[in-house]
Each structure stands twice: as C-alpha cells, then as structure tokens.
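Colleague: Provided below: run.txt, containing compact mmCIF, C-alpha atoms.
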```
# COMPACT_ATOMS: atom_id res chain seq x y z
CA MET A 212 -4.79 -8.58 3.20
CA ARG A 213 -6.26 -5.90 1.01
CA THR A 214 -9.89 -6.03 0.10
CA ARG A 215 -10.36 -6.90 -3.57
CA THR A 216 -13.30 -6.31 -5.88
CA LEU A 217 -15.28 -9.43 -6.56
CA LEU A 218 -18.50 -10.53 -7.73
CA THR A 219 -20.55 -12.56 -6.95
CA LEU A 220 -17.98 -14.44 -6.03
CA ALA A 221 -19.91 -13.10 -9.06
CA GLY A 222 -21.65 -11.66 -7.97
CA THR A 223 -21.43 -11.56 -7.33
CA VAL A 224 -24.92 -8.84 -6.76
CA ALA A 225 -28.16 -6.89 -6.60
CA ALA A 226 -30.20 -5.93 -3.55
CA LEU A 227 -33.44 -6.30 -1.65
CA THR A 228 -36.04 -8.23 0.23
CA LEU A 229 -39.48 -9.64 1.05
CA PRO A 230 -41.75 -10.13 3.99
CA LEU A 231 -41.37 -13.59 5.48
CA ALA A 232 -42.17 -16.02 2.67
CA GLY A 233 -44.13 -14.10 0.07
CA PRO A 234 -44.19 -10.81 -1.81
CA ALA A 235 -45.70 -7.70 -0.29
CA SER A 236 -48.89 -6.10 -1.49
CA ALA A 237 -48.14 -2.53 -2.56
CA ALA A 238 -50.40 -1.58 -5.42
CA ASP A 239 -49.64 2.14 -5.06
CA GLY A 240 -45.95 1.84 -4.15
CA THR A 241 -42.71 0.94 -5.89
CA VAL A 242 -40.88 -2.38 -6.02
CA LEU A 243 -38.08 -1.16 -3.73
CA THR A 244 -38.78 0.85 -0.58
CA THR A 245 -36.86 1.81 2.53
CA GLY A 246 -37.93 1.77 6.15
CA SER A 247 -40.74 -0.74 5.75
CA VAL A 248 -42.85 -2.68 3.28
CA GLY A 249 -44.72 -0.01 1.31
CA GLY A 250 -42.38 2.64 2.71
CA THR A 251 -40.38 5.37 0.99
CA ALA A 252 -39.57 4.69 -2.67
CA VAL A 253 -35.92 4.12 -3.50
CA ALA A 254 -34.96 6.66 -6.16
CA ALA A 255 -33.04 5.80 -9.31
CA GLY A 256 -29.39 6.58 -8.69
CA GLU A 257 -29.43 5.54 -5.03
CA VAL A 258 -26.66 3.16 -3.97
CA LEU A 259 -27.46 -0.12 -2.22
CA THR A 260 -24.92 -2.03 -0.15
CA ALA A 261 -24.93 -5.22 1.89
CA PRO A 262 -22.32 -7.22 3.84
CA LEU A 263 -22.47 -10.93 4.50
CA ALA A 264 -25.17 -11.74 7.03
CA SER A 265 -23.78 -11.81 10.55
CA GLY A 266 -22.26 -15.15 11.48
CA THR A 267 -22.29 -16.53 7.92
CA ALA A 268 -19.64 -17.20 5.28
CA ALA A 269 -19.60 -17.07 1.50
CA THR A 270 -18.44 -20.40 0.12
CA PHE A 271 -17.11 -21.53 -3.25
CA TYR A 272 -17.08 -25.31 -3.17
CA SER A 273 -16.08 -27.90 -5.75
CA SER A 274 -19.47 -29.63 -5.65
CA ALA A 275 -23.04 -28.66 -4.90
CA THR A 276 -23.18 -30.81 -1.76
CA GLY A 277 -19.53 -30.96 -0.70
CA THR A 278 -17.39 -28.87 1.65
CA SER A 279 -14.10 -28.77 -0.24
CA GLY A 280 -13.12 -25.35 -1.56
CA ILE A 281 -13.00 -21.78 -0.27
CA SER A 282 -14.82 -20.06 2.59
CA CYS A 283 -14.77 -16.29 3.25
CA THR A 284 -16.19 -14.44 6.25
CA SER A 285 -15.93 -10.86 4.93
CA SER A 286 -17.64 -9.65 1.76
CA GLN A 287 -19.83 -6.78 0.56
CA PHE A 288 -21.59 -5.79 -2.65
CA THR A 289 -22.50 -2.39 -4.08
CA ALA A 290 -25.26 -1.73 -6.63
CA THR A 291 -26.92 1.40 -8.03
CA VAL A 292 -30.67 1.44 -8.68
CA THR A 293 -31.36 2.21 -12.35
CA ASP A 294 -35.16 1.80 -12.37
CA ASN A 295 -37.73 1.30 -9.61
CA PRO A 296 -41.21 0.97 -11.14
CA SER A 297 -44.57 0.59 -9.44
CA ALA A 298 -45.25 -2.72 -7.71
CA PRO A 299 -45.82 -5.38 -8.73
CA GLY A 300 -42.97 -5.18 -11.20
CA THR A 301 -39.22 -5.57 -11.63
CA ALA A 302 -36.61 -3.12 -10.39
CA THR A 303 -33.20 -2.98 -12.07
CA GLU A 304 -29.76 -2.25 -10.72
CA SER A 305 -26.16 -1.95 -11.87
CA VAL A 306 -23.80 -4.05 -9.76
CA SER A 307 -20.57 -2.07 -9.73
CA ALA A 308 -18.51 -3.77 -7.03
CA HIS A 309 -18.27 -6.84 -4.86
CA THR A 310 -15.45 -7.06 -2.33
CA PHE A 311 -13.91 -9.92 -0.39
CA ASP A 312 -11.25 -9.53 2.29
CA ALA A 313 -8.79 -12.27 1.42
CA ALA A 314 -7.56 -12.23 5.04
CA GLY A 315 -10.92 -13.73 5.96
CA CYS A 316 -10.76 -16.49 3.34
CA THR A 317 -9.60 -20.04 4.03
CA THR A 318 -9.28 -23.13 1.86
CA ASN A 319 -9.10 -26.86 2.45
CA VAL A 320 -8.17 -27.82 -1.11
CA VAL A 321 -5.35 -30.38 -1.09
CA GLY A 322 -2.10 -28.78 -2.21
CA VAL A 323 -3.32 -25.21 -1.66
CA LEU A 324 -1.85 -23.12 1.18
CA GLY A 325 -4.15 -20.10 1.08
CA VAL A 326 -6.19 -17.55 -0.85
CA THR A 327 -4.40 -14.48 -2.23
CA SER A 328 -7.40 -12.78 -3.85
CA ILE A 329 -10.83 -13.24 -5.41
CA THR A 330 -11.69 -10.78 -8.16
CA VAL A 331 -14.88 -10.43 -10.18
CA ASN A 332 -14.19 -9.41 -13.76
CA ASN A 333 -16.38 -7.85 -16.46
CA LEU A 334 -18.24 -5.51 -14.10
CA PRO A 335 -20.69 -3.86 -14.06
CA TYR A 336 -23.41 -6.51 -14.11
CA SER A 337 -27.14 -5.92 -14.44
CA ALA A 338 -29.46 -7.12 -11.69
CA ALA A 339 -33.24 -7.52 -11.86
CA VAL A 340 -35.30 -7.78 -8.67
CA GLY A 341 -38.91 -8.90 -9.01
CA SER A 342 -41.82 -8.27 -6.67
CA ASP A 343 -41.91 -12.04 -6.12
CA GLY A 344 -38.40 -11.92 -4.62
CA THR A 345 -36.50 -13.34 -7.58
CA VAL A 346 -33.06 -11.86 -8.21
CA THR A 347 -31.27 -12.35 -11.54
CA VAL A 348 -27.74 -11.10 -12.25
CA THR A 349 -26.54 -10.94 -15.87
CA PRO A 350 -23.40 -9.66 -17.63
CA ALA A 351 -23.24 -7.29 -20.58
CA ALA A 352 -24.17 -8.74 -23.98
CA GLY A 353 -21.41 -10.97 -25.32
CA SER A 354 -19.75 -11.19 -21.90
CA ALA A 355 -19.90 -13.56 -18.92
CA ILE A 356 -19.96 -13.34 -15.16
CA GLN A 357 -16.34 -14.12 -14.40
CA THR A 358 -14.37 -14.63 -11.19
CA THR A 359 -10.61 -15.01 -10.89
CA VAL A 360 -9.33 -16.78 -7.79
CA VAL A 361 -5.61 -16.54 -6.98
CA LEU A 362 -4.34 -19.33 -4.72
CA ARG A 363 -1.01 -19.92 -2.99
CA THR A 364 0.60 -23.33 -3.41
CA LEU A 365 3.97 -24.90 -2.61
CA LEU A 366 4.93 -24.29 -6.23
CA GLY A 367 3.82 -20.64 -6.26
CA SER A 368 0.64 -18.77 -7.17
CA ILE A 369 -1.99 -20.16 -9.51
CA ASN A 370 -4.92 -18.38 -11.16
CA CYS A 371 -8.27 -20.14 -11.42
CA VAL A 372 -10.78 -18.45 -13.73
CA TYR A 373 -14.48 -19.35 -13.52
CA GLN A 374 -17.48 -18.20 -15.56
CA ALA A 375 -21.28 -18.36 -15.41
CA PRO A 376 -23.84 -17.07 -17.94
CA SER A 377 -25.98 -15.59 -15.13
CA LEU A 378 -26.76 -15.93 -11.42
CA ALA A 379 -30.10 -16.51 -9.72
CA GLY A 380 -30.89 -15.58 -6.14
CA THR A 381 -33.77 -14.76 -3.83
CA ALA A 382 -34.66 -11.76 -1.69
CA SER A 383 -36.42 -11.85 1.67
CA ASN A 384 -37.94 -9.04 3.72
CA ALA A 385 -37.70 -11.19 6.85
CA ASP A 386 -34.09 -10.06 7.30
CA ASN A 387 -33.60 -7.74 4.30
CA SER A 388 -31.39 -10.31 2.62
CA ILE A 389 -30.31 -11.64 -0.75
CA ASN A 390 -29.39 -15.32 -0.97
CA PHE A 391 -27.38 -17.25 -3.54
CA ALA A 392 -27.49 -21.02 -3.07
CA GLY A 393 -25.15 -23.27 -5.04
CA ALA A 394 -24.81 -20.95 -8.06
CA GLN A 395 -22.64 -22.90 -10.50
CA PHE A 396 -19.48 -21.58 -12.17
CA THR A 397 -17.37 -23.51 -14.69
CA LYS A 398 -13.57 -23.35 -14.83
CA VAL A 399 -12.34 -21.81 -18.09
CA SER A 400 -8.63 -21.73 -17.24
CA GLY A 401 -6.25 -22.74 -14.46
CA SER A 402 -4.09 -25.58 -13.19
CA SER A 403 -5.22 -29.03 -12.13
CA LEU A 404 -5.44 -27.72 -8.55
CA CYS A 405 -8.37 -25.54 -9.65
CA PHE A 406 -11.58 -27.55 -9.32
CA ALA A 407 -13.56 -28.01 -12.53
CA ASN A 408 -16.75 -26.41 -11.16
CA GLY A 409 -17.35 -23.92 -8.39
CA TYR A 410 -20.63 -23.62 -6.48
CA PHE A 411 -21.20 -20.22 -4.83
CA THR A 412 -23.38 -19.85 -1.74
CA ALA A 413 -23.78 -16.64 0.26
CA LYS A 414 -26.33 -14.62 2.21
CA TYR A 415 -26.02 -10.82 2.17
CA ALA A 416 -27.92 -8.84 4.81
CA PRO A 417 -29.07 -6.30 5.54
CA VAL A 418 -29.40 -4.59 2.17
CA THR A 419 -29.47 -0.86 2.87
CA SER A 420 -29.75 2.49 1.14
CA SER A 421 -28.28 5.46 3.06
CA GLY A 422 -28.34 3.30 6.17
CA GLU A 423 -32.01 2.30 5.87
CA ALA A 424 -33.14 -1.28 5.23
CA VAL A 425 -34.46 -2.00 1.72
CA TYR A 426 -37.67 -3.97 1.15
CA VAL A 427 -39.16 -5.62 -1.93
CA ASN A 428 -42.85 -5.00 -2.64
```
Please render this file's structure as structure tokens.
Modeller:
Amino acid sequence: MRTRTLLTLAGTVAALTLPLAGPASAADGTVLTTGSVGGTAVAAGEVLTAPLASGTAATFYSSATGTSGISCTSSQFTATVTDNPSAPGTATESVSAHTFDAAGCTTNVVGVLGVTSITVNNLPYSAAVGSDGTVTVTPAAGSAIQTTVVLRTLLGSINCVYQAPSLAGTASNADNSINFAGAQFTKVSGSSLCFANGYFTAKYAPVTSSGEAVYVN
C-alpha cells in the first residue's frame, strides 16, 4: 500500500525528549539540542523526524482501555522547528506531515475487512515542547485536528472522520521519544461501523535532526 500523510493519527506531531524522568538543567543552552543534553542548539528551520519506536504500534481504539480498533506498525512524523529559545522555556514547531503505511495497519472491528488509508487533514499543526517534557499539538485558529480513516467492508469503502481540539503528549530523553497515550478523538461523520470515539496511542523514537538525536533541556 502507498504511504499516506496522517497526523497524529493526528498527529498526529512535534519532537523531542528528556533525561530519564525529569527535565534537564541547561541554564545557558536552548530547549532543543542535538547529540546530548546541553549539546548543540537546534536551529530554527531544521527538520525533525521520528518513526514509531522499534517493536511498537500506533493504535486507534474505540475505548480508552479496550483493544478493538486499528493498529499500525509503520508511521513517521515530520516537523520544522520555528523557535528554540533558551532553557528553561518552550520551543515551537510546525508539524507538516505524518505518514502511515496502510499495508502495516490491521483492524479487528466487526464488519471491517481492512484499512485502506489514514489521512490527517488541516495540516500544518503547531507543536509546543516545554523544558518539562510536555508536548502540545494544536491546529490553526478556527480549525481542528482531523483524521480521516478509510476502511474496507463487505459493502464497499467507508470514510470515518474524527476530530480533536488539541493533542497532549510527553517527551523523554531516556530514548529520545514522544509519547501519546489515549488521546481522544470524536467521530464527526461516518457510518455506524465507525466507532463513536477513537483513542490514539503511539510512541515515536528516536526524534532526530540531520540524523542526530534530539534532546529537551
């Protein structure tokens, strides 16, 4: 299957990391660095990318604690740094793309045969990454984070459209990751086979810039 742009299955989103459990101390450095905590500052305009963490899957389930829905093993996001101030502070990014390989997506929804595509609409999104490891993804004013899921059924293809006002995640320097855990989307259109709410969970790692790991300070 062809790789399609997506959010975070919106993303979804954004990039970066923290040492072990807490923020780094970098009074003279910037929020985002490469190579190490307190390393080389990431310049505005640099592009950050991250695939799913090895051995993990991005899931879009019908409930926060259930296992019914969609699971994908191949995904990547792309974001451009727009501001990287001194730490402690908040760096900002523009999330321009999020891709999922539909060939790596499976579903166990009753009546659904497979996943044709997952597409994130209304890009780009803005992402804010704080020195404390918080990650917040927001759409443009008057818009929404929106994901369109196309599913194959015995009766043909159906489109399921989901929206969220924003997404919250966390960054960790332990493995240069960004995590989204049970981020809730609400169905705004689609057939009865489309579940009413979708809960997105994914871990992206490592976040890199020009091949070097990105850290949050």
Colleague: Which is closest to A:Gly344 among A:Asn428, A:Thr419, A:Thr303, A:Ser286, if we use all atoms listed in the file?
Modeller: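 For A:Gly344, the nearest of the given residues is A:Asn428.
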Colleague: Would you mind telling me which residue in A:Val425, A:Tyr373, A:Val320, A:Val360 lies nearest to A:Ala407 when using only C-alpha atoms?
Modeller: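 Counting only C-alpha atoms, the residue closest to A:Ala407 is A:Tyr373.
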Colleague: Excluding A:Gly280 and its own-chain neighbours fewer than 2 positions away, which residues fall within 10 Å of it when counting all atoms listed in the file? Please give them as a count of residues only.
Modeller: 18
Colleague: When you count all atoms listed in the file, which of these residues is closest to A:His309: A:Ala254, A:Ser354, A:Leu334, A:Gly266?
Modeller: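 Closest residue, counting all atoms listed in the file: A:Leu334.
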Colleague: Skip A:Ala351 itself and residues of its chain fewer than 5 positions away, then list as a list in words all residues within 8 Å of it, counting only C-alpha atoms.
Modeller: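 Surrounding residues, per the criterion: Pro335, Tyr336 and Ser337 of chain A.
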Colleague: With distances taken over all atoms listed in the file, which residue among A:Thr241, A:Thr327, A:Ser285, A:Ser342 lies nearest A:Ser297?
Modeller: A:Thr241
Colleague: In terms of the shortest atom-to-atom distance over all atoms listed in the file, which of A:Ala308, A:Gly240, A:Ala290, A:Ala269 is closest to A:Ser420?
Modeller: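 Of A:Ala308, A:Gly240, A:Ala290, A:Ala269, the one nearest A:Ser420 is A:Ala290, counting all atoms listed in the file.
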Colleague: For stretch 385-395 of chain A, work out the shell of residues within 6 Å, counting all atoms listed in the file and skipping chain neighbours fewer than 4 positions away, then give it as a list in words.
Modeller: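 Residues meeting the cut-off are Thr228, Pro230, Leu231, Ala275, Gly380, Thr381, Gly409, Tyr410, Phe411, Thr412, Ala413, Lys414, Tyr415, Ala416, Pro417 and Val418 of chain A.
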Colleague: Go ahead and write the residues just picked, C-alpha atoms, as a PDB file, in the frame of the given file.
Modeller:
```
ATOM      1  CA  THR A 228     -36.040  -8.230   0.230  1.00  0.00           C
ATOM      2  CA  PRO A 230     -41.750 -10.130   3.990  1.00  0.00           C
ATOM      3  CA  LEU A 231     -41.370 -13.590   5.480  1.00  0.00           C
ATOM      4  CA  ALA A 275     -23.040 -28.660  -4.900  1.00  0.00           C
ATOM      5  CA  GLY A 380     -30.890 -15.580  -6.140  1.00  0.00           C
ATOM      6  CA  THR A 381     -33.770 -14.760  -3.830  1.00  0.00           C
ATOM      7  CA  GLY A 409     -17.350 -23.920  -8.390  1.00  0.00           C
ATOM      8  CA  TYR A 410     -20.630 -23.620  -6.480  1.00  0.00           C
ATOM      9  CA  PHE A 411     -21.200 -20.220  -4.830  1.00  0.00           C
ATOM     10  CA  THR A 412     -23.380 -19.850  -1.740  1.00  0.00           C
ATOM     11  CA  ALA A 413     -23.780 -16.640   0.260  1.00  0.00           C
ATOM     12  CA  LYS A 414     -26.330 -14.620   2.210  1.00  0.00           C
ATOM     13  CA  TYR A 415     -26.020 -10.820   2.170  1.00  0.00           C
ATOM     14  CA  ALA A 416     -27.920  -8.840   4.810  1.00  0.00           C
ATOM     15  CA  PRO A 417     -29.070  -6.300   5.540  1.00  0.00           C
ATOM     16  CA  VAL A 418     -29.400  -4.590   2.170  1.00  0.00           C
TER      17      VAL A 418
END
```
Colleague: Let me make sure I understand: among A:Gly341, A:Gly256, A:Gly246, A:Gly322, which one has the smallest atom-to-atom distance to A:Leu404 if we use only C-alpha atoms?
Modeller: A:Gly322
Colleague: Between atom CA of A:Val399 and atom CA of A:Leu362, what is the spacing in Å?
Modeller: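 Separating atom CA of A:Leu362 from atom CA of A:Val399 is a distance of 15.8 Å.
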Colleague: What is the distance between atom CA of A:Cys283 and atom CA of A:Ser400, in Å to one decimal?
Modeller: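 Rounded to one decimal, the two atoms are 22.1 Å apart.
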Colleague: Just how far from atom CA of A:Ala255 is atom CA of A:Ala298, in Å to one decimal?
Modeller: 15.0 Å
Colleague: Name the residues, using the chain letters and numbers of the file, that sit within 10 Å of (-5.1, -14.6, 2.5) when counting all atoms listed in the file, and give them as a ChimeraX atom specification.
Modeller: /A:212-213,283,312-318,324-329,361-363
